[in-house]
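Enquirer: Contents of query36.cif (mmCIF, C-alpha atoms and all ligand atoms) are below:
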data_protein
#
loop_
_atom_site.label_atom_id
_atom_site.label_comp_id
_atom_site.auth_asym_id
_atom_site.auth_seq_id
_atom_site.Cartn_x
_atom_site.Cartn_y
_atom_site.Cartn_z
CA SER E 1 -25.77 25.28 7.83
CA ASP E 2 -26.80 27.98 5.38
CA ALA E 3 -30.30 28.45 4.02
CA GLY E 4 -29.01 28.89 0.45
CA SER E 5 -30.98 26.05 -1.06
CA GLN E 6 -34.31 27.56 0.04
CA LYS E 7 -33.67 31.17 -0.94
CA GLU E 8 -35.36 30.97 -4.33
CA ARG E 9 -38.35 28.91 -3.29
CA VAL E 10 -41.78 30.51 -3.71
CA VAL E 11 -45.12 29.16 -2.53
CA THR E 12 -47.96 31.08 -4.20
CA GLU E 13 -51.22 32.14 -2.58
CA GLU E 14 -52.95 29.75 -4.97
CA GLU E 15 -50.90 26.87 -3.56
CA TRP E 16 -51.84 27.82 0.01
CA LEU E 17 -55.52 27.95 -0.93
CA GLN E 18 -55.14 24.55 -2.49
CA LYS E 19 -53.60 23.12 0.69
CA TRP E 20 -56.68 24.29 2.58
CA GLU E 21 -59.04 22.89 -0.03
CA MET E 22 -57.30 19.50 -0.01
CA GLY E 23 -57.12 19.38 3.77
CA ASN E 24 -53.35 19.41 3.45
CA ILE E 25 -52.90 21.30 6.71
CA GLY E 26 -50.48 19.27 8.78
CA PHE E 27 -49.29 22.55 10.33
CA HIS E 28 -52.59 23.02 12.20
CA LYS E 29 -52.39 22.08 15.85
CA GLU E 30 -55.76 20.90 17.14
CA GLN E 31 -54.61 21.21 20.77
CA GLY E 32 -52.87 24.55 20.36
CA HIS E 33 -49.18 25.22 20.76
CA PRO E 34 -47.39 24.25 23.99
CA LEU E 35 -44.90 27.09 23.52
CA LEU E 36 -47.64 29.70 23.84
CA GLN E 37 -48.65 28.17 27.14
CA LYS E 38 -45.03 28.08 28.23
CA TYR E 39 -44.29 31.71 27.32
CA LEU E 40 -47.72 33.25 27.90
CA ASP E 41 -46.37 35.39 30.74
CA VAL E 42 -43.69 36.83 28.47
CA LEU E 43 -46.36 37.80 25.95
CA LEU E 44 -48.77 39.29 28.46
CA ASN E 45 -46.30 40.60 31.02
CA GLY E 46 -49.09 40.98 33.57
CA ARG E 47 -51.18 43.16 31.27
CA SER E 48 -54.85 42.64 30.46
CA GLY E 49 -57.08 43.65 27.58
CA LEU E 50 -54.26 43.57 25.04
CA ARG E 51 -54.52 43.79 21.26
CA ILE E 52 -52.83 40.68 19.93
CA PHE E 53 -51.94 40.05 16.31
CA PHE E 54 -51.81 36.65 14.60
CA PRO E 55 -50.05 37.01 11.23
CA LEU E 56 -50.84 34.21 8.74
CA CYS E 57 -53.26 32.87 11.33
CA GLY E 58 -54.82 29.84 9.62
CA LYS E 59 -57.39 28.57 12.10
CA ALA E 60 -55.04 28.65 15.08
CA VAL E 61 -56.90 27.69 18.25
CA GLU E 62 -54.63 30.01 20.26
CA MET E 63 -56.80 32.86 18.95
CA LYS E 64 -59.69 31.44 20.92
CA TRP E 65 -57.52 30.98 24.03
CA LEU E 66 -56.43 34.61 24.08
CA ALA E 67 -59.89 35.95 23.28
CA ASP E 68 -61.29 33.88 26.16
CA MET E 69 -58.71 35.51 28.45
CA GLY E 70 -60.17 38.89 27.57
CA HIS E 71 -57.77 40.06 24.91
CA ASN E 72 -58.61 41.45 21.50
CA VAL E 73 -57.42 39.21 18.72
CA VAL E 74 -56.73 40.28 15.14
CA GLY E 75 -55.56 37.81 12.49
CA VAL E 76 -54.84 37.80 8.79
CA GLU E 77 -55.11 34.85 6.45
CA VAL E 78 -55.52 34.41 2.67
CA SER E 79 -57.78 31.39 3.00
CA GLU E 80 -61.42 32.26 3.61
CA GLN E 81 -62.07 28.59 4.31
CA ALA E 82 -59.59 28.66 7.19
CA LEU E 83 -61.36 31.62 8.80
CA LYS E 84 -64.84 30.17 8.37
CA ASP E 85 -63.61 26.85 9.78
CA PHE E 86 -62.16 28.69 12.76
CA PHE E 87 -65.48 30.25 13.71
CA SER E 88 -67.56 27.17 13.02
CA GLU E 89 -65.21 24.76 14.82
CA HIS E 90 -65.49 26.91 17.95
CA GLY E 91 -69.22 27.50 17.54
CA LEU E 92 -68.67 31.26 17.35
CA PRO E 93 -71.19 33.40 15.47
CA TYR E 94 -69.58 35.99 13.19
CA CYS E 95 -70.37 38.54 10.57
CA GLU E 96 -68.61 39.27 7.33
CA GLU E 97 -68.00 42.63 5.68
CA PRO E 98 -65.84 44.09 2.94
CA VAL E 99 -62.73 46.09 3.83
CA PRO E 100 -62.98 49.33 1.82
CA GLU E 101 -59.20 49.95 1.83
CA ILE E 102 -58.40 46.49 0.43
CA SER E 103 -59.67 45.37 -2.94
CA GLY E 104 -61.31 41.96 -2.44
CA GLY E 105 -60.47 42.03 1.27
CA LYS E 106 -63.00 40.80 3.80
CA LEU E 107 -63.27 41.13 7.55
CA PHE E 108 -64.73 38.25 9.56
CA GLN E 109 -65.61 39.41 13.03
CA SER E 110 -67.01 37.45 15.95
CA THR E 111 -70.37 38.80 17.05
CA SER E 112 -68.87 39.38 20.48
CA GLY E 113 -66.43 41.72 18.71
CA ASN E 114 -63.17 40.49 20.20
CA ILE E 115 -61.91 38.40 17.28
CA SER E 116 -61.35 40.17 13.94
CA LEU E 117 -59.91 38.13 11.11
CA TYR E 118 -58.92 39.74 7.82
CA CYS E 119 -59.10 37.65 4.71
CA CYS E 120 -56.43 39.13 2.44
CA SER E 121 -52.67 39.01 2.02
CA ILE E 122 -50.72 40.31 4.98
CA TYR E 123 -48.97 42.66 2.55
CA ASP E 124 -52.32 44.46 2.06
CA LEU E 125 -52.39 45.48 5.72
CA SER E 126 -50.97 48.58 7.37
CA SER E 127 -51.34 50.19 10.79
CA SER E 128 -53.86 52.63 9.32
CA ILE E 129 -56.16 49.66 8.62
CA VAL E 130 -55.56 47.39 11.64
CA GLY E 131 -53.98 49.72 14.18
CA LYS E 132 -51.00 48.72 16.36
CA PHE E 133 -50.53 45.73 18.64
CA ASP E 134 -49.32 45.03 22.16
CA GLY E 135 -48.43 41.45 21.34
CA VAL E 136 -47.73 39.15 18.41
CA TRP E 137 -47.92 35.37 18.23
CA ASP E 138 -45.81 34.45 15.21
CA ARG E 139 -46.00 30.70 14.71
CA GLY E 140 -46.02 29.33 11.17
CA ALA E 141 -45.81 32.91 9.88
CA LEU E 142 -42.21 34.15 9.44
CA VAL E 143 -41.27 30.56 8.63
CA ALA E 144 -44.09 30.33 6.04
CA VAL E 145 -43.32 33.62 4.29
CA ASN E 146 -41.36 33.18 1.06
CA PRO E 147 -37.66 33.77 1.79
CA CYS E 148 -37.58 36.64 -0.75
CA ASP E 149 -40.37 38.43 1.19
CA ARG E 150 -38.88 38.20 4.68
CA GLN E 151 -37.55 41.74 4.76
CA ARG E 152 -40.87 43.18 3.69
CA TYR E 153 -42.70 41.01 6.21
CA ALA E 154 -40.43 42.03 9.09
CA SER E 155 -40.68 45.75 8.26
CA LEU E 156 -44.46 45.49 8.21
CA MET E 157 -44.52 43.66 11.54
CA ILE E 158 -42.26 46.26 13.15
CA ASN E 159 -44.66 48.95 11.89
CA LEU E 160 -47.59 47.20 13.53
CA LEU E 161 -45.99 47.14 16.99
CA GLU E 162 -46.83 49.45 19.86
CA LYS E 163 -43.88 50.76 21.87
CA ASN E 164 -44.15 48.31 24.75
CA SER E 165 -45.04 45.20 22.82
CA SER E 166 -43.94 41.59 23.02
CA TYR E 167 -43.36 39.40 20.01
CA LEU E 168 -43.28 35.64 20.43
CA LEU E 169 -41.67 33.96 17.44
CA VAL E 170 -41.54 30.22 16.84
CA THR E 171 -39.01 28.95 14.33
CA VAL E 172 -37.82 25.50 13.36
CA SER E 173 -34.23 24.35 13.21
CA TYR E 174 -33.20 21.74 10.66
CA ASP E 175 -30.88 21.15 7.70
CA PRO E 176 -32.39 23.23 4.84
CA ASN E 177 -30.67 21.02 2.28
CA LYS E 178 -32.80 18.08 3.35
CA HIS E 179 -36.25 19.65 3.26
CA LYS E 180 -37.59 22.29 0.89
CA GLY E 181 -40.07 23.94 3.27
CA PRO E 182 -42.32 25.51 4.32
CA PRO E 183 -41.71 25.79 7.17
CA PHE E 184 -38.49 27.40 6.02
CA TYR E 185 -35.33 27.46 8.07
CA VAL E 186 -34.63 31.00 9.26
CA PRO E 187 -31.21 31.21 10.87
CA GLU E 188 -30.93 33.10 14.17
CA SER E 189 -28.52 35.60 12.59
CA GLU E 190 -31.15 36.48 10.00
CA ILE E 191 -33.81 36.96 12.67
CA LYS E 192 -31.45 39.40 14.41
CA SER E 193 -30.86 41.37 11.23
CA LEU E 194 -34.56 41.39 10.31
CA PHE E 195 -35.84 42.55 13.69
CA GLY E 196 -32.83 44.27 15.17
N1 LIG U 201 -50.17 30.32 11.96
C1 LIG U 201 -51.06 29.23 11.63
C2 LIG U 201 -50.96 28.78 10.15
C3 LIG U 201 -49.58 28.44 9.67
S1 LIG U 201 -49.48 27.94 7.97
C4 LIG U 201 -50.85 28.09 12.59
O1 LIG U 201 -49.97 28.18 13.46
O2 LIG U 201 -51.54 27.08 12.47
C5 LIG U 201 -49.33 29.48 7.09
C6 LIG U 201 -50.67 30.11 6.77
O3 LIG U 201 -50.43 31.35 6.10
C7 LIG U 201 -51.56 29.31 5.82
O4 LIG U 201 -52.82 29.16 6.41
C8 LIG U 201 -51.64 30.16 4.54
O5 LIG U 201 -52.89 30.05 3.91
C9 LIG U 201 -51.37 31.55 5.08
N2 LIG U 201 -50.73 32.52 4.16
C10 LIG U 201 -49.73 32.29 3.30
N3 LIG U 201 -49.31 33.41 2.71
C11 LIG U 201 -50.08 34.42 3.23
C12 LIG U 201 -50.12 35.83 3.03
N4 LIG U 201 -49.30 36.44 2.16
N5 LIG U 201 -51.02 36.56 3.72
C13 LIG U 201 -51.86 35.95 4.62
N6 LIG U 201 -51.87 34.61 4.84
C14 LIG U 201 -50.99 33.86 4.16
#
Translate the structure of the given file into C-alpha cells.
Ligand code: SAH
Expert:
Amino acid sequence: SDAGSQKERVVTEEEWLQKWEMGNIGFHKEQGHPLLQKYLDVLLNGRSGLRIFFPLCGKAVEMKWLADMGHNVVGVEVSEQALKDFFSEHGLPYCEEPVPEISGGKLFQSTSGNISLYCCSIYDLSSSIVGKFDGVWDRGALVAVNPCDRQRYASLMINLLEKNSSYLLVTVSYDPNKHKGPPFYVPESEIKSLFG
C-alpha cells in the first residue's frame, strides 16, 4: 500500500531527546541486531580495518561489535545521553571535545580512538568533517528520518560513501495506514529512487 498517510508526519529533535529522557527507547536492541550478524560478510566483503558509519546511531551495541573486530566506527546522534550511555554501558573510557565546524556539535571519542560519535544532527555533517566510509549500517535511520527529509538524507549518505563501499539497510514492512511511525514505512520503489 502507499505511504501517503505518513508523508506529512514530523518528529522533532526535541521529541527524540524526550524519548531518551523518558527511557522511551523500545527501538534499542540490547542483544544487537541479528541481521547484522547474518549479513556481516556482505558488509565487510573480506576486508579489514574499515571505516564504518552508523547514521542516527542511538546507543547501538553493533558499534562495539565492529570496533572489537578492528574496524573504525563513526556514529552520529542528536541525543548526548544516548552517546554517554553507550560508552558507560560498555565500560569504555572516552573524551569529549567541541567540533569547530558545527555550532554546538560535540565529538565523543573512545580513548582507544576507534569509536567516534558525533553529537549533532546528521544534516550538520559532510565528508569534509567526517571523511568517507567503506561501510554503512543503516538500521533505525532511514526509517526514522522524517519522510520530507528522505531525499536530503539519501544524498548526504551517498556523498559519504567511498567508491567500493557496502551499505546495509534495514527497513520495516507494514501497512502505513495502521501505524503512524517511526519507524516509517519506506517502500522498496522509493529506496530504489533514493539510492539509485
Ligand atoms: N540506529 C539506532 C537508533 C534508532 S532510533 C538503533 O538501531 O538502535 C533513531 C535515533 O535517531 C534516535 O536515537 C534519535 O535520537 C536519533 N535522531 C533523530 N533524528 C536525528 C538527526 N537528525 N540527527 C541525528 N540523530 C537523530
Enquirer: Got a sec to check which residues lie within 10 Å of ligand LIG 201 (chain U), using all atoms listed in the file, and send them as number ranges by chain?
Expert: E: 11-20, 25-30, 32-33, 54-63, 75-83, 118-125, 137-146, 149, 153, 170, 182-183
Enquirer: Measuring between only C-alpha atoms, which one of E:Phe184, E:Leu117, E:Asn72, E:Leu194 shows the shortest distance to Val172 (chain E)?
Expert: E:Phe184
Enquirer: One decimal, in Å: what's the spacing between CA of Ser116 (chain E) and CA of Gly181 (chain E)?
Expert: 28.8 Å
Enquirer: Expressed in Å to a single decimal, how great is the separation between CA of Leu160 (chain E) and CA of Ile115 (chain E)?
Expert: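 Value for the CA of Leu160 (chain E)-CA of Ile115 (chain E) distance: 17.2 Å.
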Enquirer: Given only C-alpha atoms as the basis, pick out the residue of E:Phe195, E:Tyr174, E:Phe133, E:Tyr185 nearest to Phe53 (chain E).
Expert: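 Under the stated criterion, the closest residue is E:Phe133.
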Enquirer: Which residues are near Val99 (chain E)? Cut-off 9 Å, all atoms listed in the file, ignore same chain within fewer than 6 positions. Put them as a PyMOL selection string.
Expert: chain E and resi 105-107+118+129
Enquirer: Quick one: of E:Tyr167, E:Gln109, E:Glu101, E:Pro34, who's nearest to Phe86 (chain E), counting all atoms listed in the file?
Expert: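 Going through E:Tyr167, E:Gln109, E:Glu101, E:Pro34 one by one, the smallest distance to Phe86 (chain E) is for E:Gln109.
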Enquirer: Record the distance separating CA of Gly104 (chain E) and CA of Glu89 (chain E), expressed in Å with one decimal.
Expert: 24.7 Å
Enquirer: Return as lines of an AutoDock Vina configuration file the centre and edge lengths, in Å with one decimal, of the box along x, y and z that encloses every atom of region 53-72 of chain E in the file, padded by 5 Å per side.
Expert:
center_x = -55.7
center_y = 34.6
center_z = 18.6
size_x = 21.2
size_y = 23.8
size_z = 29.7
Enquirer: Counting only C-alpha atoms, which residue out of E:Ile102, E:Leu40, E:Leu50, E:Cys148 sits closest to Val186 (chain E)?
Expert: E:Cys148
Enquirer: Which one is closest to Asn45 (chain E): E:Glu96, E:Asp85, E:Asp134, E:Glu162? Count all atoms listed in the file.
Expert: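 Looking only at the distances to Asn45 (chain E), the closest residue turns out to be E:Asp134.
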Enquirer: So, counting only C-alpha atoms, which residue among E:Ser173, E:Asn159, E:Leu168, E:Thr111 is closest to Glu188 (chain E)?
Expert: E:Ser173
Enquirer: List every protein, DNA or RNA residue that has at least one atom no more than 10 Å from (-57.1, 36.4, 28.0) in the file's coordinates, counting all atoms listed in the file, and write the result as JSON, numbers by chain.
Expert: {"E": [40, 44, 47, 48, 49, 50, 63, 64, 65, 66, 67, 68, 69, 70, 71, 72, 73]}
Enquirer: Need to verify the contact set: Glu190 (chain E), 10 Å, all atoms listed in the file, exclusion of same-chain residues closer than 5 positions in sequence. Can you return it as number ranges by chain?
Expert: E: 150-151, 195-196
